[in-house]
Every structure is written in C-alpha cells, then in structure tokens.
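Notes follow once the structure below has been shown.
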Amino acid sequence: MRIVIAGGHGQIALRLERLLAVRGDEVAGIIRRAEQGDDLRAVGAEPVVLDLESASVEEVAERLRGADAAVFAAGAGPGSGTVRKETVDKGAAVLFADAAVRAGVRRFVVVSSFGADPDHQGTEVFDVYLRAKGEADAYVQGLDTLDWTILRPGSLTDDAGKGLVRLEAHTGRGSVPRDDVATVLAELLDTPATAGLTLELISGSTPVSVAVKSVAGN
C-alpha cells in the first residue's frame, strides 16, 4: 500500500512509518520543515514538506492522490496555545479529511485522544484541545465518503511496547506506549472491517492482532 501520514515527524508517526516501511509499504510523511526530512528518510519514509495550517484543500489533495490510505497523526503539541489547538488539532484534521475525499482516498485513520469530545466544557488549554479533537472526530464521522477509523489512545508513554493492549469502544482510563499505538495503527490499516469504529486504546493483556480482529468482528 501507499500510505500518507499527516504529522509525519511526530513520535507516533515516526514509529508507524518505520513499521510500514519494514513490511514493504510505500510511506510518505507530511512535515512542516524540510530539516525534519532526514528523520523520516532514516525510518524509510518519503518526506513531503507542506504546512497544513496554510495549505489549500487542493494542495493537500495533490499529495494524497494515488494513496491507498491516509493517517492523520498531526498535533499542535505540548506548549502550544489554544489558537493552535483550533488550527492544527481541529483545522488541519478537517482539511486533511476534505483533501482525502477530493483525492479519492477512502481509507482514513485518525489518531485522536482519550476524552475527545465536541461538547467538552472548560477554557484551559487542555479543555480546548479535547474539544478541538472531538470536533474534528465528529466532522470525520459525518463523512460517508471515507472509510474512517478513529483511535483514541490513553496517556502516552515512551516505554517499550509489549504488543498487549485493550482496544474497545470504551476502555476506561489508562496509559499505553507509543510503540503499541503505532502497532495498532498498522494493524487497523490492514483491517478495513474496522471502518466506522471509534476506539479507545490502553495497555492490556490481548495481543494487538487479536484485539483488532475482535473489534472488527472476526
């Protein structure tokens, strides 16, 4: 498959790019700065320089044409203020979804956040973040032209992945290594029967492949 990942220099994205490249997929990662390109090339991904906060739908669609799947893994990141939660965590996600529709890329996977909710209340930065992610998720969920899957990981850690997870519509709170998030994303891309599902992910006792097959109804 050819897979295009928005937020290609993110910690989860780099792990996912390496996994996909090793198994033989063609991977492109959208990045904001050219100097990030070497990190993508090091994991076997093609860097694509494009700022999703200023690009047009057509510019993004041009990068997506010919892809078999798209993954939105971008985020404003820690330390960013409320404005960029709106322009990246919400705005860029909506833009990327619209571009996928225009480019004819149906398979669309979103890396969201545990607790994302368009009706989340509060004015602190994290409140705005959860609301922005929830609004972006709701927008994608409303697009019947995409075969979307939304993944909402719990608290992210840099612990070594164990490949053992809990993946359900509702898991309860917990943490999960970024390694395992990337492994789950790769498995979701291979499992089209997970389209239309919004899933929470934390560490657990079920092997990733079994967990994904279970939610897919297999």
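Chain labels follow the order of the structure tokens: the first chain is A, the next B, and so on; residue numbering restarts at 1 in every chain, and ligands are counted from 1 in their shown order.
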
Distance table requested - region 62-105 of chain A against region 44-54 of chain A, cut-off 8 Å, only C-alpha atoms: one row per qualifying residue with the closest atom pair and its distance in Å to one decimal, ordered by chain and rising residue number, as a tab-separated table.
residue	atom	partner	partner_atom	distance
A:Arg63	CA	A:Val48	CA	7.9
A:Thr87	CA	A:Glu53	CA	6.2
A:Val88	CA	A:Glu53	CA	6.4
A:Gly91	CA	A:Glu53	CA	7.4
A:Ala92	CA	A:Leu52	CA	5.6
A:Leu95	CA	A:Leu52	CA	7.6
A:Phe96	CA	A:Leu52	CA	8.0

message: as a list in words, please: the residues near region 156-171 of chain A (cut-off 7 Å, only C-alpha atoms, same-chain neighbours under 3 positions excluded).
response: Ser175, Val176, Pro177, Arg178, Asp179, Asp180, Thr198, Leu199, Glu200, Leu201, Ile202, Ser203, Gly204, Ser205, Thr206, Pro207, Val208, Ala211 and Val215 of chain A

message: Residues of chain A classed as strand (DSSP E) by DSSP on the backbone are to be reported as number ranges by chain.
response: A: 2-6, 26-31, 46-49, 69-72, 107-111, 147-153, 155-157, 164-168, 175-177, 197-203, 206-207

message: I want to know what sits within 10 Å of Val71 (chain A), based on only C-alpha atoms, with residues of the same chain fewer than 5 positions away left out; could you give that as a ChimeraX atom specification?
response: /A:3-8,13,16,29,93,96-97,100,107-111,148-150,185,189

- prompt: Out of region 26-157 of chain A, which residues get alpha helix (DSSP H) from DSSP, as a ChimeraX atom specification?
  reply: /A:37-42,57-64,82-84,93-103,125-141

- prompt: Using only C-alpha atoms, which residue out of A:Arg32, A:Arg41, A:Arg65, A:Arg23 lies closest to Ala103 (chain A)?
  reply: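 Using only C-alpha atoms, the shortest distance to Ala103 (chain A) belongs to A:Arg65.
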
task: Go ahead and compute the interatomic distance for CA of Val27 (chain A) and CA of Tyr129 (chain A), in Å to one decimal.
output: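 CA of Tyr129 (chain A) lies 27.9 Å from CA of Val27 (chain A).
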
- request: Name all residues at most 10 Å from Asp147 (chain A) (count only C-alpha atoms; drop same-chain ones fewer than 5 positions away) and give them as a PyMOL selection string.
  value: chain A and resi 69+105-109+140-141+192-197

Selected residue, from A:Arg102, A:Pro118, A:Gly79, A:Ser113, that lies nearest to Gly154 (chain A) when counting only C-alpha atoms: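 When distances to Gly154 (chain A) are compared using only C-alpha atoms, the smallest one comes from A:Ser113.
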
- line: Students should find that CA of Val212 (chain A) and CA of Ile31 (chain A) are spaced 28.6 Å

field: Neighbour list for Gly104 (chain A) as a PyMOL selection string, cut-off 10 Å, only C-alpha atoms, skip fewer than 3 positions in-chain
entry: chain A and resi 61+64-69+98-101+107+145-146

Counting only C-alpha atoms, the option among A:Leu14, A:Leu151, A:Ala132, A:Val181 closest to Gln36 (chain A):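 Of all the options, A:Leu14 lies closest to Gln36 (chain A).
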
message: Ranking A:Glu187, A:Asp89, A:Leu40, A:Ala28 by minimum distance to Ala73 (chain A) and counting only C-alpha atoms, which one comes first?
response: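 The closest residue to Ala73 (chain A) is A:Asp89.
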
message: Would you pick out the contacts of Ala136 (chain A) at 6 Å or less, using only C-alpha atoms, so that residues sharing its chain but fewer than 3 positions from it are not included, and give the list as a list in words?
response: Lys90, Lys133 and Tyr139 of chain A

Those residues you just picked out, can you put them in a file as a compact mmCIF listing (two decimals), in the first residue's frame with N, CA and C atoms?
# COMPACT_ATOMS: atom_id res chain seq x y z
N LYS A 90 -7.88 20.65 15.19
CA LYS A 90 -9.17 20.63 14.52
C LYS A 90 -9.03 20.99 13.04
N LYS A 133 -10.24 18.21 19.32
CA LYS A 133 -10.11 16.85 18.82
C LYS A 133 -11.49 16.23 18.64
N TYR A 139 -16.48 15.65 12.74
CA TYR A 139 -16.52 16.02 11.32
C TYR A 139 -16.21 14.80 10.45

Given only C-alpha atoms as the counted atoms, nearest of A:Pro153, A:Phe126, A:Arg2, A:Val57 to Gly77 (chain A):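 Of the candidates, the smallest distance to Gly77 (chain A) is held by A:Phe126.
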
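Between Glu124 (chain A) and the candidates A:Val83, A:Leu20, A:Ala76, A:Val210, the tightest atom-to-atom separation, counting only C-alpha atoms, involves A:Val83.
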